[in-house]
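Reproduced below: input.cif, with mmCIF, N, CA and C atoms and all ligand atoms; chains and numbers go by the auth columns.
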data_target
#
loop_
_atom_site.group_PDB
_atom_site.id
_atom_site.type_symbol
_atom_site.label_atom_id
_atom_site.label_comp_id
_atom_site.label_asym_id
_atom_site.label_seq_id
_atom_site.Cartn_x
_atom_site.Cartn_y
_atom_site.Cartn_z
_atom_site.B_iso_or_equiv
_atom_site.auth_seq_id
_atom_site.auth_asym_id
ATOM 1 N N MET A 1 67.445 -0.792 171.800 0.00 1 A
ATOM 2 C CA MET A 1 68.316 -1.787 171.161 0.00 1 A
ATOM 3 C C MET A 1 69.449 -1.097 170.435 0.00 1 A
ATOM 4 N N GLU A 2 70.575 -1.748 170.452 0.00 2 A
ATOM 5 C CA GLU A 2 71.755 -1.204 169.804 0.00 2 A
ATOM 6 C C GLU A 2 71.839 -1.668 168.359 0.00 2 A
ATOM 7 N N SER A 3 72.209 -0.760 167.494 0.00 3 A
ATOM 8 C CA SER A 3 72.367 -1.119 166.090 0.00 3 A
ATOM 9 C C SER A 3 73.824 -1.020 165.679 0.00 3 A
ATOM 10 N N PHE A 4 74.195 -1.875 164.759 0.00 4 A
ATOM 11 C CA PHE A 4 75.556 -1.879 164.246 0.00 4 A
ATOM 12 C C PHE A 4 75.506 -1.944 162.735 0.00 4 A
ATOM 13 N N TRP A 5 76.457 -1.264 162.112 0.00 5 A
ATOM 14 C CA TRP A 5 76.563 -1.313 160.644 0.00 5 A
ATOM 15 C C TRP A 5 77.712 -2.233 160.289 0.00 5 A
ATOM 16 N N LEU A 6 77.383 -3.287 159.535 0.00 6 A
ATOM 17 C CA LEU A 6 78.375 -4.304 159.216 0.00 6 A
ATOM 18 C C LEU A 6 78.816 -4.237 157.755 0.00 6 A
ATOM 19 N N CYS A 7 80.092 -4.527 157.536 0.00 7 A
ATOM 20 C CA CYS A 7 80.602 -4.590 156.169 0.00 7 A
ATOM 21 C C CYS A 7 80.149 -5.899 155.516 0.00 7 A
ATOM 22 N N GLU A 8 80.416 -6.048 154.247 0.00 8 A
ATOM 23 C CA GLU A 8 79.997 -7.236 153.504 0.00 8 A
ATOM 24 C C GLU A 8 80.589 -8.514 154.106 0.00 8 A
ATOM 25 N N ASP A 9 81.848 -8.435 154.505 0.00 9 A
ATOM 26 C CA ASP A 9 82.507 -9.620 155.063 0.00 9 A
ATOM 27 C C ASP A 9 81.804 -10.086 156.331 0.00 9 A
ATOM 28 N N CYS A 10 81.482 -9.135 157.205 0.00 10 A
ATOM 29 C CA CYS A 10 80.830 -9.493 158.459 0.00 10 A
ATOM 30 C C CYS A 10 79.396 -9.944 158.208 0.00 10 A
ATOM 31 N N LEU A 11 78.761 -9.349 157.236 0.00 11 A
ATOM 32 C CA LEU A 11 77.409 -9.770 156.862 0.00 11 A
ATOM 33 C C LEU A 11 77.411 -11.248 156.491 0.00 11 A
ATOM 34 N N GLN A 12 78.314 -11.635 155.611 0.00 12 A
ATOM 35 C CA GLN A 12 78.419 -13.038 155.194 0.00 12 A
ATOM 36 C C GLN A 12 78.707 -13.928 156.396 0.00 12 A
ATOM 37 N N ALA A 13 79.587 -13.467 157.251 0.00 13 A
ATOM 38 C CA ALA A 13 79.987 -14.260 158.416 0.00 13 A
ATOM 39 C C ALA A 13 78.816 -14.475 159.364 0.00 13 A
ATOM 40 N N VAL A 14 78.014 -13.423 159.584 0.00 14 A
ATOM 41 C CA VAL A 14 76.892 -13.521 160.519 0.00 14 A
ATOM 42 C C VAL A 14 75.754 -14.333 159.917 0.00 14 A
ATOM 43 N N VAL A 15 75.403 -14.021 158.686 0.00 15 A
ATOM 44 C CA VAL A 15 74.215 -14.621 158.092 0.00 15 A
ATOM 45 C C VAL A 15 74.475 -16.045 157.616 0.00 15 A
ATOM 46 N N TYR A 16 75.634 -16.266 157.011 0.00 16 A
ATOM 47 C CA TYR A 16 75.895 -17.573 156.406 0.00 16 A
ATOM 48 C C TYR A 16 77.033 -18.337 157.084 0.00 16 A
ATOM 49 N N ASP A 17 77.660 -17.704 158.084 0.00 17 A
ATOM 50 C CA ASP A 17 78.850 -18.292 158.701 0.00 17 A
ATOM 51 C C ASP A 17 79.869 -18.624 157.609 0.00 17 A
ATOM 52 N N ASP A 18 79.975 -17.717 156.669 0.00 18 A
ATOM 53 C CA ASP A 18 80.802 -17.943 155.492 0.00 18 A
ATOM 54 C C ASP A 18 81.883 -16.862 155.416 0.00 18 A
ATOM 55 N N PHE A 19 83.114 -17.297 155.502 0.00 19 A
ATOM 56 C CA PHE A 19 84.225 -16.350 155.451 0.00 19 A
ATOM 57 C C PHE A 19 84.972 -16.437 154.121 0.00 19 A
ATOM 58 N N SER A 20 84.405 -17.162 153.165 0.00 20 A
ATOM 59 C CA SER A 20 85.152 -17.443 151.939 0.00 20 A
ATOM 60 C C SER A 20 85.446 -16.200 151.108 0.00 20 A
ATOM 61 N N ALA A 21 84.592 -15.176 151.254 0.00 21 A
ATOM 62 C CA ALA A 21 84.796 -13.960 150.466 0.00 21 A
ATOM 63 C C ALA A 21 86.120 -13.297 150.820 0.00 21 A
ATOM 64 N N LEU A 22 86.580 -13.535 152.031 0.00 22 A
ATOM 65 C CA LEU A 22 87.812 -12.889 152.474 0.00 22 A
ATOM 66 C C LEU A 22 89.012 -13.310 151.645 0.00 22 A
ATOM 67 N N SER A 23 88.995 -14.567 151.224 0.00 23 A
ATOM 68 C CA SER A 23 90.171 -15.101 150.544 0.00 23 A
ATOM 69 C C SER A 23 90.431 -14.422 149.211 0.00 23 A
ATOM 70 N N LEU A 24 89.448 -13.663 148.735 0.00 24 A
ATOM 71 C CA LEU A 24 89.636 -12.943 147.479 0.00 24 A
ATOM 72 C C LEU A 24 90.581 -11.761 147.650 0.00 24 A
ATOM 73 N N TYR A 25 90.681 -11.304 148.890 0.00 25 A
ATOM 74 C CA TYR A 25 91.399 -10.052 149.101 0.00 25 A
ATOM 75 C C TYR A 25 92.707 -10.192 149.868 0.00 25 A
ATOM 76 N N TYR A 26 92.879 -11.319 150.553 0.00 26 A
ATOM 77 C CA TYR A 26 94.026 -11.417 151.437 0.00 26 A
ATOM 78 C C TYR A 26 94.815 -12.692 151.194 0.00 26 A
ATOM 79 N N SER A 27 96.040 -12.690 151.638 0.00 27 A
ATOM 80 C CA SER A 27 96.835 -13.918 151.591 0.00 27 A
ATOM 81 C C SER A 27 96.286 -14.896 152.630 0.00 27 A
ATOM 82 N N GLU A 28 96.686 -16.131 152.551 0.00 28 A
ATOM 83 C CA GLU A 28 96.154 -17.164 153.429 0.00 28 A
ATOM 84 C C GLU A 28 96.373 -16.827 154.901 0.00 28 A
ATOM 85 N N ALA A 29 97.568 -16.388 155.225 0.00 29 A
ATOM 86 C CA ALA A 29 97.874 -16.063 156.617 0.00 29 A
ATOM 87 C C ALA A 29 97.024 -14.886 157.081 0.00 29 A
ATOM 88 N N GLU A 30 96.842 -13.909 156.210 0.00 30 A
ATOM 89 C CA GLU A 30 96.028 -12.740 156.556 0.00 30 A
ATOM 90 C C GLU A 30 94.576 -13.125 156.733 0.00 30 A
ATOM 91 N N VAL A 31 94.095 -14.029 155.873 0.00 31 A
ATOM 92 C CA VAL A 31 92.713 -14.474 155.972 0.00 31 A
ATOM 93 C C VAL A 31 92.469 -15.130 157.323 0.00 31 A
ATOM 94 N N GLU A 32 93.350 -16.033 157.713 0.00 32 A
ATOM 95 C CA GLU A 32 93.188 -16.725 158.993 0.00 32 A
ATOM 96 C C GLU A 32 93.182 -15.747 160.154 0.00 32 A
ATOM 97 N N GLN A 33 94.073 -14.780 160.084 0.00 33 A
ATOM 98 C CA GLN A 33 94.165 -13.791 161.143 0.00 33 A
ATOM 99 C C GLN A 33 92.888 -12.947 161.207 0.00 33 A
ATOM 100 N N ARG A 34 92.389 -12.585 160.031 0.00 34 A
ATOM 101 C CA ARG A 34 91.210 -11.741 159.972 0.00 34 A
ATOM 102 C C ARG A 34 89.965 -12.508 160.426 0.00 34 A
ATOM 103 N N ILE A 35 89.860 -13.770 160.048 0.00 35 A
ATOM 104 C CA ILE A 35 88.723 -14.572 160.481 0.00 35 A
ATOM 105 C C ILE A 35 88.735 -14.722 162.002 0.00 35 A
ATOM 106 N N ALA A 36 89.886 -14.995 162.550 0.00 36 A
ATOM 107 C CA ALA A 36 90.006 -15.146 164.003 0.00 36 A
ATOM 108 C C ALA A 36 89.571 -13.857 164.692 0.00 36 A
ATOM 109 N N HIS A 37 90.017 -12.740 164.151 0.00 37 A
ATOM 110 C CA HIS A 37 89.679 -11.431 164.702 0.00 37 A
ATOM 111 C C HIS A 37 88.165 -11.196 164.609 0.00 37 A
ATOM 112 N N MET A 38 87.592 -11.508 163.449 0.00 38 A
ATOM 113 C CA MET A 38 86.155 -11.284 163.255 0.00 38 A
ATOM 114 C C MET A 38 85.330 -12.168 164.179 0.00 38 A
ATOM 115 N N ARG A 39 85.750 -13.418 164.358 0.00 39 A
ATOM 116 C CA ARG A 39 84.999 -14.321 165.233 0.00 39 A
ATOM 117 C C ARG A 39 84.957 -13.775 166.654 0.00 39 A
ATOM 118 N N ILE A 40 86.076 -13.261 167.118 0.00 40 A
ATOM 119 C CA ILE A 40 86.137 -12.702 168.478 0.00 40 A
ATOM 120 C C ILE A 40 85.213 -11.493 168.588 0.00 40 A
ATOM 121 N N GLU A 41 85.310 -10.607 167.596 0.00 41 A
ATOM 122 C CA GLU A 41 84.490 -9.399 167.610 0.00 41 A
ATOM 123 C C GLU A 41 83.006 -9.753 167.534 0.00 41 A
ATOM 124 N N LEU A 42 82.683 -10.728 166.684 0.00 42 A
ATOM 125 C CA LEU A 42 81.276 -11.103 166.515 0.00 42 A
ATOM 126 C C LEU A 42 80.737 -11.800 167.761 0.00 42 A
ATOM 127 N N GLN A 43 81.552 -12.636 168.372 0.00 43 A
ATOM 128 C CA GLN A 43 81.126 -13.333 169.585 0.00 43 A
ATOM 129 C C GLN A 43 80.685 -12.334 170.653 0.00 43 A
ATOM 130 N N ALA A 44 81.397 -11.232 170.709 0.00 44 A
ATOM 131 C CA ALA A 44 81.107 -10.220 171.718 0.00 44 A
ATOM 132 C C ALA A 44 79.772 -9.532 171.457 0.00 44 A
ATOM 133 N N LEU A 45 79.314 -9.577 170.219 0.00 45 A
ATOM 134 C CA LEU A 45 78.099 -8.846 169.846 0.00 45 A
ATOM 135 C C LEU A 45 76.877 -9.747 169.706 0.00 45 A
ATOM 136 N N LEU A 46 77.102 -11.033 169.496 0.00 46 A
ATOM 137 C CA LEU A 46 75.978 -11.948 169.273 0.00 46 A
ATOM 138 C C LEU A 46 75.064 -12.003 170.484 0.00 46 A
ATOM 139 N N PRO A 47 73.772 -12.273 170.304 0.00 47 A
ATOM 140 C CA PRO A 47 73.138 -12.520 169.013 0.00 47 A
ATOM 141 C C PRO A 47 72.771 -11.237 168.292 0.00 47 A
ATOM 142 N N LEU A 48 73.051 -11.244 167.004 0.00 48 A
ATOM 143 C CA LEU A 48 72.697 -10.113 166.149 0.00 48 A
ATOM 144 C C LEU A 48 71.568 -10.538 165.225 0.00 48 A
ATOM 145 N N SER A 49 70.685 -9.625 164.978 0.00 49 A
ATOM 146 C CA SER A 49 69.576 -9.907 164.081 0.00 49 A
ATOM 147 C C SER A 49 69.643 -8.944 162.904 0.00 49 A
ATOM 148 N N ALA A 50 69.484 -9.476 161.702 0.00 50 A
ATOM 149 C CA ALA A 50 69.502 -8.647 160.504 0.00 50 A
ATOM 150 C C ALA A 50 68.391 -7.611 160.592 0.00 50 A
ATOM 151 N N ASP A 51 68.726 -6.387 160.307 0.00 51 A
ATOM 152 C CA ASP A 51 67.766 -5.286 160.436 0.00 51 A
ATOM 153 C C ASP A 51 67.786 -4.439 159.170 0.00 51 A
ATOM 154 N N PHE A 52 67.724 -5.137 158.023 0.00 52 A
ATOM 155 C CA PHE A 52 67.704 -4.401 156.759 0.00 52 A
ATOM 156 C C PHE A 52 66.753 -5.099 155.805 0.00 52 A
ATOM 157 N N ASP A 53 66.314 -4.342 154.826 0.00 53 A
ATOM 158 C CA ASP A 53 65.355 -4.872 153.858 0.00 53 A
ATOM 159 C C ASP A 53 65.868 -4.611 152.448 0.00 53 A
ATOM 160 N N PRO A 54 66.314 -5.657 151.772 0.00 54 A
ATOM 161 C CA PRO A 54 66.865 -5.486 150.426 0.00 54 A
ATOM 162 C C PRO A 54 65.842 -4.922 149.441 0.00 54 A
ATOM 163 N N HIS A 55 64.561 -5.073 149.754 0.00 55 A
ATOM 164 C CA HIS A 55 63.523 -4.614 148.831 0.00 55 A
ATOM 165 C C HIS A 55 63.310 -3.111 148.929 0.00 55 A
ATOM 166 N N THR A 56 63.309 -2.588 150.138 0.00 56 A
ATOM 167 C CA THR A 56 63.096 -1.154 150.310 0.00 56 A
ATOM 168 C C THR A 56 64.406 -0.392 150.455 0.00 56 A
ATOM 169 N N GLY A 57 65.489 -1.124 150.763 0.00 57 A
ATOM 170 C CA GLY A 57 66.762 -0.446 150.965 0.00 57 A
ATOM 171 C C GLY A 57 66.934 0.067 152.378 0.00 57 A
ATOM 172 N N ALA A 58 65.925 -0.151 153.234 0.00 58 A
ATOM 173 C CA ALA A 58 66.029 0.296 154.620 0.00 58 A
ATOM 174 C C ALA A 58 67.128 -0.479 155.329 0.00 58 A
ATOM 175 N N GLY A 59 67.955 0.242 156.074 0.00 59 A
ATOM 176 C CA GLY A 59 69.021 -0.414 156.814 0.00 59 A
ATOM 177 C C GLY A 59 70.212 -0.790 155.956 0.00 59 A
ATOM 178 N N ILE A 60 70.255 -0.242 154.757 0.00 60 A
ATOM 179 C CA ILE A 60 71.377 -0.538 153.863 0.00 60 A
ATOM 180 C C ILE A 60 72.001 0.765 153.387 0.00 60 A
ATOM 181 N N GLN A 61 73.298 0.849 153.522 0.00 61 A
ATOM 182 C CA GLN A 61 74.031 1.958 152.925 0.00 61 A
ATOM 183 C C GLN A 61 74.854 1.373 151.793 0.00 61 A
ATOM 184 N N ALA A 62 74.573 1.816 150.586 0.00 62 A
ATOM 185 C CA ALA A 62 75.235 1.235 149.418 0.00 62 A
ATOM 186 C C ALA A 62 76.727 1.532 149.417 0.00 62 A
ATOM 187 N N PHE A 63 77.066 2.693 149.915 0.00 63 A
ATOM 188 C CA PHE A 63 78.488 3.037 149.951 0.00 63 A
ATOM 189 C C PHE A 63 78.750 3.910 151.160 0.00 63 A
ATOM 190 N N SER A 64 79.470 3.360 152.109 0.00 64 A
ATOM 191 C CA SER A 64 79.766 4.086 153.340 0.00 64 A
ATOM 192 C C SER A 64 81.265 4.271 153.477 0.00 64 A
ATOM 193 N N THR A 65 81.634 5.389 154.025 0.00 65 A
ATOM 194 C CA THR A 65 83.055 5.631 154.283 0.00 65 A
ATOM 195 C C THR A 65 83.378 5.415 155.754 0.00 65 A
ATOM 196 N N HIS A 66 82.363 4.995 156.529 0.00 66 A
ATOM 197 C CA HIS A 66 82.609 4.713 157.939 0.00 66 A
ATOM 198 C C HIS A 66 83.141 3.297 158.099 0.00 66 A
ATOM 199 N N PRO A 67 84.049 3.076 159.037 0.00 67 A
ATOM 200 C CA PRO A 67 84.544 1.720 159.238 0.00 67 A
ATOM 201 C C PRO A 67 83.440 0.783 159.718 0.00 67 A
ATOM 202 N N CYS A 68 83.577 -0.485 159.391 0.00 68 A
ATOM 203 C CA CYS A 68 82.658 -1.504 159.880 0.00 68 A
ATOM 204 C C CYS A 68 82.692 -1.515 161.404 0.00 68 A
ATOM 205 N N GLU A 69 81.522 -1.676 162.024 0.00 69 A
ATOM 206 C CA GLU A 69 81.458 -1.589 163.478 0.00 69 A
ATOM 207 C C GLU A 69 81.780 -2.911 164.172 0.00 69 A
ATOM 208 N N VAL A 70 82.012 -3.951 163.378 0.00 70 A
ATOM 209 C CA VAL A 70 82.424 -5.223 163.981 0.00 70 A
ATOM 210 C C VAL A 70 83.921 -5.441 163.805 0.00 70 A
ATOM 211 N N CYS A 71 84.363 -5.500 162.563 0.00 71 A
ATOM 212 C CA CYS A 71 85.785 -5.800 162.327 0.00 71 A
ATOM 213 C C CYS A 71 86.612 -4.528 162.177 0.00 71 A
ATOM 214 N N HIS A 72 85.936 -3.375 162.159 0.00 72 A
ATOM 215 C CA HIS A 72 86.600 -2.077 162.054 0.00 72 A
ATOM 216 C C HIS A 72 87.389 -1.929 160.763 0.00 72 A
ATOM 217 N N SER A 73 86.956 -2.687 159.747 0.00 73 A
ATOM 218 C CA SER A 73 87.595 -2.546 158.448 0.00 73 A
ATOM 219 C C SER A 73 87.416 -1.120 157.943 0.00 73 A
ATOM 220 N N PRO A 74 88.491 -0.484 157.550 0.00 74 A
ATOM 221 C CA PRO A 74 88.386 0.890 157.039 0.00 74 A
ATOM 222 C C PRO A 74 88.002 0.922 155.565 0.00 74 A
ATOM 223 N N LEU A 75 87.881 -0.248 154.944 0.00 75 A
ATOM 224 C CA LEU A 75 87.536 -0.288 153.521 0.00 75 A
ATOM 225 C C LEU A 75 86.142 0.282 153.304 0.00 75 A
ATOM 226 N N HIS A 76 86.020 1.170 152.363 0.00 76 A
ATOM 227 C CA HIS A 76 84.723 1.749 152.058 0.00 76 A
ATOM 228 C C HIS A 76 83.889 0.740 151.283 0.00 76 A
ATOM 229 N N GLY A 77 82.569 0.833 151.438 0.00 77 A
ATOM 230 C CA GLY A 77 81.705 -0.072 150.707 0.00 77 A
ATOM 231 C C GLY A 77 80.350 -0.154 151.358 0.00 77 A
ATOM 232 N N ALA A 78 79.612 -1.202 151.008 0.00 78 A
ATOM 233 C CA ALA A 78 78.254 -1.344 151.519 0.00 78 A
ATOM 234 C C ALA A 78 78.264 -1.698 153.001 0.00 78 A
ATOM 235 N N ARG A 79 77.255 -1.175 153.705 0.00 79 A
ATOM 236 C CA ARG A 79 77.068 -1.516 155.120 0.00 79 A
ATOM 237 C C ARG A 79 75.616 -1.931 155.319 0.00 79 A
ATOM 238 N N HIS A 80 75.434 -2.975 156.118 0.00 80 A
ATOM 239 C CA HIS A 80 74.100 -3.460 156.433 0.00 80 A
ATOM 240 C C HIS A 80 73.869 -3.337 157.923 0.00 80 A
ATOM 241 N N ARG A 81 72.659 -2.954 158.308 0.00 81 A
ATOM 242 C CA ARG A 81 72.353 -2.724 159.721 0.00 81 A
ATOM 243 C C ARG A 81 71.900 -4.016 160.409 0.00 81 A
ATOM 244 N N PHE A 82 72.455 -4.243 161.561 0.00 82 A
ATOM 245 C CA PHE A 82 72.054 -5.357 162.415 0.00 82 A
ATOM 246 C C PHE A 82 71.705 -4.791 163.785 0.00 82 A
ATOM 247 N N THR A 83 70.805 -5.475 164.457 0.00 83 A
ATOM 248 C CA THR A 83 70.423 -5.046 165.799 0.00 83 A
ATOM 249 C C THR A 83 70.786 -6.142 166.787 0.00 83 A
ATOM 250 N N ARG A 84 71.300 -5.707 167.922 0.00 84 A
ATOM 251 C CA ARG A 84 71.681 -6.663 168.955 0.00 84 A
ATOM 252 C C ARG A 84 70.421 -7.070 169.724 0.00 84 A
ATOM 253 N N LEU A 85 70.214 -8.358 169.862 0.00 85 A
ATOM 254 C CA LEU A 85 69.008 -8.848 170.531 0.00 85 A
ATOM 255 C C LEU A 85 69.165 -8.811 172.050 0.00 85 A
HETATM 256 ZN ZN ZN B . 83.282 -5.974 159.108 0.00 101 B
#
Starting from the file, give its structure as structure tokens.
Amino acid sequence: MESFWLCEDCLQAVVYDDFSALSLYYSEAEVEQRIAHMRIELQALLPLSADFDPHTGAGIQAFSTHPCEVCHSPLHGARHRFTRL
């Protein structure tokens, strides 16, 4: 099975179908563009299954400098592991 490390934005999008966090960082036009981009990228990877455990920390990198493997965001931050079903 293939694993992917997702940024916080993609995590929210996959788990909750919630893109609202994006609006904190981007202008409205940028948000729409980024959501459209993320939906396309995610569609290509679905179905994804969460493969991390908040209790043990397995599958979670608190601070990664690698780009997100879905939206390719270069922003550093937390990454969560997902597995392609
Ligand atoms: Zn991402």
Could you write out, as a CSV table (one decimal) with N, CA and C atoms, keeping the file's coordinate frame, all the residues of region 2-60 of chain A that DSSP marks as alpha helix (DSSP H)?
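Written output follows (part-v8.csv):
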chain,number,residue,atom,x,y,z
A,8,GLU,N,80.4,-6.0,154.2
A,8,GLU,CA,80.0,-7.2,153.5
A,8,GLU,C,80.6,-8.5,154.1
A,9,ASP,N,81.8,-8.4,154.5
A,9,ASP,CA,82.5,-9.6,155.1
A,9,ASP,C,81.8,-10.1,156.3
A,10,CYS,N,81.5,-9.1,157.2
A,10,CYS,CA,80.8,-9.5,158.5
A,10,CYS,C,79.4,-9.9,158.2
A,11,LEU,N,78.8,-9.3,157.2
A,11,LEU,CA,77.4,-9.8,156.9
A,11,LEU,C,77.4,-11.2,156.5
A,12,GLN,N,78.3,-11.6,155.6
A,12,GLN,CA,78.4,-13.0,155.2
A,12,GLN,C,78.7,-13.9,156.4
A,13,ALA,N,79.6,-13.5,157.3
A,13,ALA,CA,80.0,-14.3,158.4
A,13,ALA,C,78.8,-14.5,159.4
A,14,VAL,N,78.0,-13.4,159.6
A,14,VAL,CA,76.9,-13.5,160.5
A,14,VAL,C,75.8,-14.3,159.9
A,15,VAL,N,75.4,-14.0,158.7
A,15,VAL,CA,74.2,-14.6,158.1
A,15,VAL,C,74.5,-16.0,157.6
A,16,TYR,N,75.6,-16.3,157.0
A,16,TYR,CA,75.9,-17.6,156.4
A,16,TYR,C,77.0,-18.3,157.1
A,28,GLU,N,96.7,-16.1,152.6
A,28,GLU,CA,96.2,-17.2,153.4
A,28,GLU,C,96.4,-16.8,154.9
A,29,ALA,N,97.6,-16.4,155.2
A,29,ALA,CA,97.9,-16.1,156.6
A,29,ALA,C,97.0,-14.9,157.1
A,30,GLU,N,96.8,-13.9,156.2
A,30,GLU,CA,96.0,-12.7,156.6
A,30,GLU,C,94.6,-13.1,156.7
A,31,VAL,N,94.1,-14.0,155.9
A,31,VAL,CA,92.7,-14.5,156.0
A,31,VAL,C,92.5,-15.1,157.3
A,32,GLU,N,93.4,-16.0,157.7
A,32,GLU,CA,93.2,-16.7,159.0
A,32,GLU,C,93.2,-15.7,160.2
A,33,GLN,N,94.1,-14.8,160.1
A,33,GLN,CA,94.2,-13.8,161.1
A,33,GLN,C,92.9,-12.9,161.2
A,34,ARG,N,92.4,-12.6,160.0
A,34,ARG,CA,91.2,-11.7,160.0
A,34,ARG,C,90.0,-12.5,160.4
A,35,ILE,N,89.9,-13.8,160.0
A,35,ILE,CA,88.7,-14.6,160.5
A,35,ILE,C,88.7,-14.7,162.0
A,36,ALA,N,89.9,-15.0,162.6
A,36,ALA,CA,90.0,-15.1,164.0
A,36,ALA,C,89.6,-13.9,164.7
A,37,HIS,N,90.0,-12.7,164.2
A,37,HIS,CA,89.7,-11.4,164.7
A,37,HIS,C,88.2,-11.2,164.6
A,38,MET,N,87.6,-11.5,163.4
A,38,MET,CA,86.2,-11.3,163.3
A,38,MET,C,85.3,-12.2,164.2
A,39,ARG,N,85.8,-13.4,164.4
A,39,ARG,CA,85.0,-14.3,165.2
A,39,ARG,C,85.0,-13.8,166.7
A,40,ILE,N,86.1,-13.3,167.1
A,40,ILE,CA,86.1,-12.7,168.5
A,40,ILE,C,85.2,-11.5,168.6
A,41,GLU,N,85.3,-10.6,167.6
A,41,GLU,CA,84.5,-9.4,167.6
A,41,GLU,C,83.0,-9.8,167.5
A,42,LEU,N,82.7,-10.7,166.7
A,42,LEU,CA,81.3,-11.1,166.5
A,42,LEU,C,80.7,-11.8,167.8
A,43,GLN,N,81.6,-12.6,168.4
A,43,GLN,CA,81.1,-13.3,169.6
A,43,GLN,C,80.7,-12.3,170.7
A,44,ALA,N,81.4,-11.2,170.7
A,44,ALA,CA,81.1,-10.2,171.7
A,44,ALA,C,79.8,-9.5,171.5
A,45,LEU,N,79.3,-9.6,170.2
A,45,LEU,CA,78.1,-8.8,169.8
A,45,LEU,C,76.9,-9.7,169.7
Point to revise | At most 5 Å from ligand ZN 101 (chain B) (all atoms listed in the file): residue list as a PyMOL selection string | key: chain A and resi 6-7+10+68+70-73
Just so the selection is clear, what residues does the PyMOL selection byres (((chain A and resi 48 and name CA) around 6) and not hetatm and name CA) cover here, as an mmCIF file with N, CA and C atoms, in the frame of the given file?
data_model
loop_
_atom_site.group_PDB
_atom_site.id
_atom_site.type_symbol
_atom_site.label_atom_id
_atom_site.label_comp_id
_atom_site.auth_asym_id
_atom_site.auth_seq_id
_atom_site.Cartn_x
_atom_site.Cartn_y
_atom_site.Cartn_z
ATOM 1 N N LEU A 46 77.102 -11.033 169.496
ATOM 2 C CA LEU A 46 75.978 -11.948 169.273
ATOM 3 C C LEU A 46 75.064 -12.003 170.484
ATOM 4 N N PRO A 47 73.772 -12.273 170.304
ATOM 5 C CA PRO A 47 73.138 -12.520 169.013
ATOM 6 C C PRO A 47 72.771 -11.237 168.292
ATOM 7 N N SER A 49 70.685 -9.625 164.978
ATOM 8 C CA SER A 49 69.576 -9.907 164.081
ATOM 9 C C SER A 49 69.643 -8.944 162.904
ATOM 10 N N THR A 83 70.805 -5.475 164.457
ATOM 11 C CA THR A 83 70.423 -5.046 165.799
ATOM 12 C C THR A 83 70.786 -6.142 166.787
ATOM 13 N N ARG A 84 71.300 -5.707 167.922
ATOM 14 C CA ARG A 84 71.681 -6.663 168.955
ATOM 15 C C ARG A 84 70.421 -7.070 169.724
ATOM 16 N N LEU A 85 70.214 -8.358 169.862
ATOM 17 C CA LEU A 85 69.008 -8.848 170.531
ATOM 18 C C LEU A 85 69.165 -8.811 172.050
#
**Study point:** Test item: the PyMOL selection byres (((chain A and resi 64) around 7) and not hetatm) resolved as a VMD selection string
**Key:** chain A and resid 61 to 63 65 to 67 75 to 79
Exercise for review: Take atom N of Arg81 (chain A) and atom C of Ala50 (chain A) and report the distance between them in Å, one decimal.
Suggested key: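 Computing the Euclidean distance for atom N of Arg81 (chain A) and atom C of Ala50 (chain A) yields 6.7 Å.
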Check your understanding: What does the distance from CA of Glu69 (chain A) to atom N of Trp5 (chain A) come to in Å, to one decimal?
Key ->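 Calculated distance between CA of Glu69 (chain A) and atom N of Trp5 (chain A) is 5.2 Å.
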Exercise for review: Determine which residues of region 19-84 of chain A DSSP labels as strand (DSSP E) from the backbone of this structure, then write them out as a ChimeraX atom specification.
Suggested key: /A:48-50,60-64,77-84
Practice item. Would you work out the distance separating CA of Pro54 (chain A) from atom C of His80 (chain A), expressed in Å to one decimal? Key: 10.5 Å
Practice item. Counting only N, CA and C atoms, figure out which residue out of A:Tyr16, A:Gln33, A:Leu45, A:Phe82 gets nearest to Met1 (chain A). Key: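 When distances to Met1 (chain A) are compared using only N, CA and C atoms, the smallest one comes from A:Phe82.
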As JSON, what would the box around region 78-82 of chain A look like: edges along x, y and z, 6 Å added on every side, centre and edge lengths in Å to one decimal?
{"center_x": 75.7, "center_y": -3.3, "center_z": 157.4, "size_x": 19.9, "size_y": 16.2, "size_z": 24.8}
